[in-house]
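This report concerns only the one structure given below.
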Amino acid sequence: MAAPPATTAPSLQSPPEEPITIPEHLDGVAYLYGHPLLNSLSPPLHQTVYNALGLNWTQIPLSSVYGTSATYPPPYTRSPPIETFLASIRSNPKFVGSSVTMPWKVGIMPHLDDLTEDARQAGACNTIFRDEAGRYVGTNTDCIGIREALLQNSPNPADFRGKPALIVGGGGTARTAIYVLRKWLGASKIYIVNRDRAEVDAILAEDAQRNPPSTSSNLPPLVPVSDPAVAASLERPAAIVSGIPNYPPKTPEEINAREVLRTLLGTPSQSAKGVILEMCYHPVPWTEIADMASTAGWKVILGSEALIWQGLEQARLWTGKDVVAVPGVVDKVKEVVAKSIAERSQTKL
């Protein structure tokens, strides 16, 4: 592949740091911290909640765009450094909370006043809120998102207990899902299917560090599965969380991992099918894995469900109100998210 033209070099330079402004007309400001943020559904989700509650609040994406559509790669977004961001929110009397996305989910953790157990076990922070003592606390509402997406959309959530579960992937979603499946869903064991054994080994090592054998004897074990023949001999999982991008497998490792998943899904004629939460919903909500699982007889839960429930948990932390209990709020949020995803999906067809 030819190198990009020399004239595109400026697009690779960091933009000048911009001040974080505090809009005077607002009573409360939430932020979305990270990059890229061009396709985030977080601001419209939160605006829907604020409007429903009659709050003069908004969520502001903290990233600046530079480069143009003619540059290579296309326009970047960059967010302020952690130190700049934290200094700004600590001095901002209108600050109510912040979503945190890549690349700051891990890096910001040591800089906060405290972390919840959800953030520690997930190994990442996606939300900042102020507690009653005024401390800036990091948590991970993706845990609540995954939990509620599974529980709210399953015919019988009690079926999860005492049954195996399955994680597809080796990134942050996998780590969060492991914690959820252990803490709330009662999985007996958790299979891990991933193309990269090194990523799986990292998950196992981190898990052992967070949960030493002396204190974790009752935790459901993590079971890497990389052989289709072994997969065929295992008890089928009741719940699956898939956290990989939507692309066809190409490398031998990817093809093998997909075959292991296909084996664990079983065939349409086999009974005892559960639910699969497909966390990948961008750019289109129905993925190859969703189609494969549906064909095999599984109920597919779209990743937008996890997005919705984690956002509602953020709103609860920031507003101090049980937003889920407010009549109409959940339905309005679901309508806005579904409409946004449908519109974006049309542009990708």
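Each chain of the structure tokens is named A, B, ... in the order shown, its residues numbered from 1; ligands are numbered from 1 in display order.
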So that I can see what lies close to Tyr247 in chain A, please list as a PyMOL selection string the residues with an atom at most 12 Å from it, counting only C-alpha atoms and leaving out residues fewer than 2 positions away in the same chain.
chain A and resi 244-245+249-251+254-255+258+280+282-284+286-290
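The smallest atom-to-atom distance between Arg130 in chain A and any of A:Pro213, A:Gly274, A:Gly170, A:Gly97, using only C-alpha atoms, is found for A:Gly97.
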Could I get the residues of range 232-265 of chain A with an atom no further than 10 Å from an atom of range 299-317 of chain A, each paired with its nearest atom pair and that distance in Å to one decimal, using only C-alpha atoms, sorted by chain and residue number, as CSV?
residue,atom,partner,partner_atom,distance
A:Ala239,CA,A:Lys299,CA,9.8
A:Ile240,CA,A:Val300,CA,9.5
A:Val241,CA,A:Ile301,CA,9.4
A:Ser242,CA,A:Gly303,CA,9.2
A:Gly243,CA,A:Gly303,CA,9.2
Could you dump the residues just selected with C-alpha atoms as a short mmCIF file (atom, residue, chain, number, x, y, z; two decimals), in the first residue's frame?
data_model
loop_
_atom_site.label_atom_id
_atom_site.label_comp_id
_atom_site.auth_asym_id
_atom_site.auth_seq_id
_atom_site.Cartn_x
_atom_site.Cartn_y
_atom_site.Cartn_z
CA ALA A 239 -25.90 -16.80 28.50
CA ILE A 240 -23.37 -15.42 26.03
CA VAL A 241 -21.80 -11.96 25.87
CA SER A 242 -20.04 -11.18 22.60
CA GLY A 243 -17.65 -8.23 22.66
#
From range 64-311 of chain A, collect each residue whose DSSP state is alpha helix (DSSP H) and return the set as a PyMOL selection string.
chain A and resi 82-90+117-122+142-152+172-183+197-210+228-233+252-265+288-295+303-311
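Taking the backbone of this structure through DSSP, the residues of range 155-208 of chain A that come out as strand (DSSP E) are Ala165, Leu166, Ile167, Val168, Ile190, Tyr191, Ile192 and Val193 of chain A.
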With N, CA and C atoms retained, write the just-selected residues as a short mmCIF file (atom, residue, chain, number, x, y, z; two decimals), in the first residue's frame.
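again35.cif written:
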data_model
loop_
_atom_site.label_atom_id
_atom_site.label_comp_id
_atom_site.auth_asym_id
_atom_site.auth_seq_id
_atom_site.Cartn_x
_atom_site.Cartn_y
_atom_site.Cartn_z
N ALA A 165 -21.68 -19.94 31.38
CA ALA A 165 -21.85 -18.76 30.53
C ALA A 165 -20.64 -18.69 29.61
N LEU A 166 -20.74 -17.83 28.62
CA LEU A 166 -19.68 -17.74 27.61
C LEU A 166 -19.36 -16.29 27.30
N ILE A 167 -18.07 -15.98 27.25
CA ILE A 167 -17.58 -14.67 26.82
C ILE A 167 -16.87 -14.84 25.48
N VAL A 168 -17.19 -13.99 24.51
CA VAL A 168 -16.49 -13.98 23.23
C VAL A 168 -15.69 -12.69 23.17
N ILE A 190 -17.35 -19.95 33.45
CA ILE A 190 -17.40 -19.00 32.34
C ILE A 190 -16.39 -19.40 31.28
N TYR A 191 -16.89 -19.83 30.12
CA TYR A 191 -16.02 -20.14 29.00
C TYR A 191 -15.54 -18.85 28.36
N ILE A 192 -14.31 -18.85 27.87
CA ILE A 192 -13.76 -17.70 27.14
C ILE A 192 -13.30 -18.18 25.77
N VAL A 193 -13.85 -17.59 24.73
CA VAL A 193 -13.46 -17.90 23.36
C VAL A 193 -12.89 -16.64 22.74
#
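The space separating CA of Asp201 in chain A from CA of Ile178 in chain A comes to 14.2 Å.
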Choose the residue, out of A:Lys163, A:Lys183, A:Arg135, A:His35, that has the smallest atom-to-atom separation from Ala272 in chain A; count only C-alpha atoms.
A:Lys163
Using Å and a single decimal, report how far CA of Tyr281 in chain A sits from CA of Ile341 in chain A.
8.1 Å
Residues at most 9 Å from Ile20 in chain A, counting only C-alpha atoms, excluding those fewer than 2 positions away in the same chain, as a PDB file with all heavy atoms, in the first residue's frame?
ATOM      1  N   GLU A  18      -7.597  23.155  23.892  1.00  0.00           N
ATOM      2  CA  GLU A  18      -8.662  24.132  23.993  1.00  0.00           C
ATOM      3  C   GLU A  18      -9.199  24.174  25.415  1.00  0.00           C
ATOM      4  O   GLU A  18      -9.275  23.157  26.096  1.00  0.00           O
ATOM      5  CB  GLU A  18      -9.802  23.785  23.020  1.00  0.00           C
ATOM      6  CG  GLU A  18      -9.378  23.812  21.564  1.00  0.00           C
ATOM      7  CD  GLU A  18     -10.535  23.485  20.626  1.00  0.00           C
ATOM      8  OE1 GLU A  18     -11.652  23.274  21.135  1.00  0.00           O
ATOM      9  OE2 GLU A  18     -10.312  23.453  19.415  1.00  0.00           O
ATOM     10  N   ILE A  22     -17.704  26.486  30.398  1.00  0.00           N
ATOM     11  CA  ILE A  22     -18.869  26.231  31.242  1.00  0.00           C
ATOM     12  C   ILE A  22     -20.001  27.120  30.742  1.00  0.00           C
ATOM     13  O   ILE A  22     -20.008  28.321  31.007  1.00  0.00           O
ATOM     14  CB  ILE A  22     -18.576  26.542  32.717  1.00  0.00           C
ATOM     15  CG1 ILE A  22     -17.322  25.793  33.194  1.00  0.00           C
ATOM     16  CG2 ILE A  22     -19.780  26.190  33.588  1.00  0.00           C
ATOM     17  CD1 ILE A  22     -16.874  26.189  34.590  1.00  0.00           C
ATOM     18  N   LEU A  62     -16.252  16.263  25.196  1.00  0.00           N
ATOM     19  CA  LEU A  62     -14.985  16.987  25.371  1.00  0.00           C
ATOM     20  C   LEU A  62     -13.957  16.474  24.381  1.00  0.00           C
ATOM     21  O   LEU A  62     -13.061  15.716  24.712  1.00  0.00           O
ATOM     22  CB  LEU A  62     -14.467  16.812  26.793  1.00  0.00           C
ATOM     23  CG  LEU A  62     -15.103  17.685  27.871  1.00  0.00           C
ATOM     24  CD1 LEU A  62     -14.399  17.468  29.193  1.00  0.00           C
ATOM     25  CD2 LEU A  62     -15.060  19.155  27.486  1.00  0.00           C
ATOM     26  N   PRO A  80      -8.893  16.550  26.034  1.00  0.00           N
ATOM     27  CA  PRO A  80      -7.838  17.148  26.857  1.00  0.00           C
ATOM     28  C   PRO A  80      -7.105  16.084  27.668  1.00  0.00           C
ATOM     29  O   PRO A  80      -7.650  15.010  27.930  1.00  0.00           O
ATOM     30  CB  PRO A  80      -8.610  18.099  27.780  1.00  0.00           C
ATOM     31  CG  PRO A  80      -9.951  18.265  27.166  1.00  0.00           C
ATOM     32  CD  PRO A  80     -10.230  17.005  26.408  1.00  0.00           C
ATOM     33  N   THR A  84      -5.743  18.226  32.788  1.00  0.00           N
ATOM     34  CA  THR A  84      -6.551  19.382  32.393  1.00  0.00           C
ATOM     35  C   THR A  84      -8.025  19.116  32.669  1.00  0.00           C
ATOM     36  O   THR A  84      -8.753  19.968  33.192  1.00  0.00           O
ATOM     37  CB  THR A  84      -6.356  19.688  30.899  1.00  0.00           C
ATOM     38  OG1 THR A  84      -4.975  19.947  30.648  1.00  0.00           O
ATOM     39  CG2 THR A  84      -7.191  20.896  30.472  1.00  0.00           C
ATOM     40  N   PHE A  85      -8.476  17.928  32.322  1.00  0.00           N
ATOM     41  CA  PHE A  85      -9.877  17.562  32.522  1.00  0.00           C
ATOM     42  C   PHE A  85     -10.251  17.591  33.995  1.00  0.00           C
ATOM     43  O   PHE A  85     -11.258  18.199  34.392  1.00  0.00           O
ATOM     44  CB  PHE A  85     -10.110  16.177  31.934  1.00  0.00           C
ATOM     45  CG  PHE A  85     -11.426  15.549  32.308  1.00  0.00           C
ATOM     46  CD1 PHE A  85     -12.622  16.117  31.900  1.00  0.00           C
ATOM     47  CD2 PHE A  85     -11.455  14.389  33.063  1.00  0.00           C
ATOM     48  CE1 PHE A  85     -13.839  15.538  32.250  1.00  0.00           C
ATOM     49  CE2 PHE A  85     -12.666  13.805  33.407  1.00  0.00           C
ATOM     50  CZ  PHE A  85     -13.860  14.377  33.004  1.00  0.00           C
ATOM     51  N   SER A  88     -10.380  21.021  35.585  1.00  0.00           N
ATOM     52  CA  SER A  88     -11.552  21.763  35.133  1.00  0.00           C
ATOM     53  C   SER A  88     -12.815  21.348  35.880  1.00  0.00           C
ATOM     54  O   SER A  88     -13.572  22.184  36.363  1.00  0.00           O
ATOM     55  CB  SER A  88     -11.749  21.573  33.631  1.00  0.00           C
ATOM     56  OG  SER A  88     -12.945  22.196  33.202  1.00  0.00           O
ATOM     57  N   ILE A  89     -13.047  20.028  36.007  1.00  0.00           N
ATOM     58  CA  ILE A  89     -14.294  19.609  36.657  1.00  0.00           C
ATOM     59  C   ILE A  89     -14.260  19.889  38.156  1.00  0.00           C
ATOM     60  O   ILE A  89     -15.301  20.168  38.766  1.00  0.00           O
ATOM     61  CB  ILE A  89     -14.605  18.122  36.393  1.00  0.00           C
ATOM     62  CG1 ILE A  89     -13.564  17.204  37.017  1.00  0.00           C
ATOM     63  CG2 ILE A  89     -14.720  17.863  34.899  1.00  0.00           C
ATOM     64  CD1 ILE A  89     -13.921  15.717  36.912  1.00  0.00           C
TER      65      ILE A  89
END
Near-range 326-332 of chain A list (10 Å; only C-alpha atoms; drop same-chain fewer than 6 positions) as JSON, numbers by chain
{"A": [45, 48, 49, 50, 51, 52, 53, 308, 309, 312, 338]}
Residues at most 12 Å from Asn218 in chain A, counting only C-alpha atoms, excluding those fewer than 2 positions away in the same chain, as a PyMOL selection string?
chain A and resi 182-183+186-189+211-216+220-221
Can you pull out every residue within 12 Å of Arg197 in chain A, counting only C-alpha atoms, but drop anything in the same chain fewer than 2 positions away, and send it as a list in words?
Gly169, Gly170, Gly171, Ile192, Val193, Asn194, Arg195, Glu199, Val200, Asp201, Ala202, Ile203, Leu204, Pro224, Val225, Ser226, Glu253, Glu254, Asn256 and Ala257 of chain A
Each residue of range 201-266 of chain A lying at most 10 Å from range 103-124 of chain A should get a row with its shortest atom-to-atom pair and the distance in Å to one decimal, counting only C-alpha atoms; could you produce that, ordered by chain and increasing number, as a tab-separated table?
residue	atom	partner	partner_atom	distance
A:Glu206	CA	A:Gly123	CA	8.7
A:Asp207	CA	A:Gln121	CA	8.3
A:Arg210	CA	A:Gln121	CA	7.1
A:Asn211	CA	A:Gln121	CA	8.9
For the residues selected in the previous step, produce a file with all heavy atoms as a PDB file, in the first residue's frame.
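Full text of again.pdb as output:
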ATOM      1  N   GLU A 206      -4.921 -11.153  35.448  1.00  0.00           N
ATOM      2  CA  GLU A 206      -5.547 -10.030  36.158  1.00  0.00           C
ATOM      3  C   GLU A 206      -6.600 -10.529  37.145  1.00  0.00           C
ATOM      4  O   GLU A 206      -6.728 -10.011  38.254  1.00  0.00           O
ATOM      5  CB  GLU A 206      -6.184  -9.076  35.158  1.00  0.00           C
ATOM      6  CG  GLU A 206      -5.182  -8.331  34.296  1.00  0.00           C
ATOM      7  CD  GLU A 206      -5.859  -7.598  33.146  1.00  0.00           C
ATOM      8  OE1 GLU A 206      -7.087  -7.389  33.223  1.00  0.00           O
ATOM      9  OE2 GLU A 206      -5.169  -7.235  32.183  1.00  0.00           O
ATOM     10  N   ASP A 207      -7.344 -11.534  36.719  1.00  0.00           N
ATOM     11  CA  ASP A 207      -8.381 -12.071  37.588  1.00  0.00           C
ATOM     12  C   ASP A 207      -7.768 -12.701  38.835  1.00  0.00           C
ATOM     13  O   ASP A 207      -8.287 -12.536  39.949  1.00  0.00           O
ATOM     14  CB  ASP A 207      -9.203 -13.104  36.821  1.00  0.00           C
ATOM     15  CG  ASP A 207     -10.396 -13.602  37.618  1.00  0.00           C
ATOM     16  OD1 ASP A 207     -11.314 -12.793  37.861  1.00  0.00           O
ATOM     17  OD2 ASP A 207     -10.415 -14.787  37.985  1.00  0.00           O
ATOM     18  N   ARG A 210      -6.760  -9.850  41.166  1.00  0.00           N
ATOM     19  CA  ARG A 210      -7.876  -9.203  41.849  1.00  0.00           C
ATOM     20  C   ARG A 210      -8.539 -10.134  42.854  1.00  0.00           C
ATOM     21  O   ARG A 210      -9.071  -9.687  43.872  1.00  0.00           O
ATOM     22  CB  ARG A 210      -8.939  -8.760  40.837  1.00  0.00           C
ATOM     23  CG  ARG A 210      -8.529  -7.637  39.912  1.00  0.00           C
ATOM     24  CD  ARG A 210      -9.751  -7.101  39.171  1.00  0.00           C
ATOM     25  NE  ARG A 210      -9.341  -6.236  38.068  1.00  0.00           N
ATOM     26  CZ  ARG A 210      -9.286  -6.605  36.801  1.00  0.00           C
ATOM     27  NH1 ARG A 210      -9.653  -7.824  36.463  1.00  0.00           N
ATOM     28  NH2 ARG A 210      -8.890  -5.778  35.876  1.00  0.00           N
ATOM     29  N   ASN A 211      -8.539 -11.413  42.527  1.00  0.00           N
ATOM     30  CA  ASN A 211      -9.229 -12.400  43.352  1.00  0.00           C
ATOM     31  C   ASN A 211      -8.285 -13.541  43.691  1.00  0.00           C
ATOM     32  O   ASN A 211      -8.338 -14.610  43.067  1.00  0.00           O
ATOM     33  CB  ASN A 211     -10.458 -12.938  42.606  1.00  0.00           C
ATOM     34  CG  ASN A 211     -11.397 -11.836  42.158  1.00  0.00           C
ATOM     35  OD1 ASN A 211     -12.059 -11.210  42.962  1.00  0.00           O
ATOM     36  ND2 ASN A 211     -11.454 -11.596  40.851  1.00  0.00           N
TER      37      ASN A 211
END
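Considering the residues A:Asn92, A:Thr141, A:Thr267, A:Ser294 and counting only C-alpha atoms, Cys125 in chain A has its shortest atom-to-atom contact with A:Thr141.
If you measure from each of A:Lys273, A:Val333, A:Arg90, A:Asn156 to Gly134 in chain A using only C-alpha atoms, the closest one turns out to be A:Arg90.
Atom pair CA of Phe95 in chain A / CA of Thr139 in chain A has a distance of 16.7 Å (rounded to one decimal).
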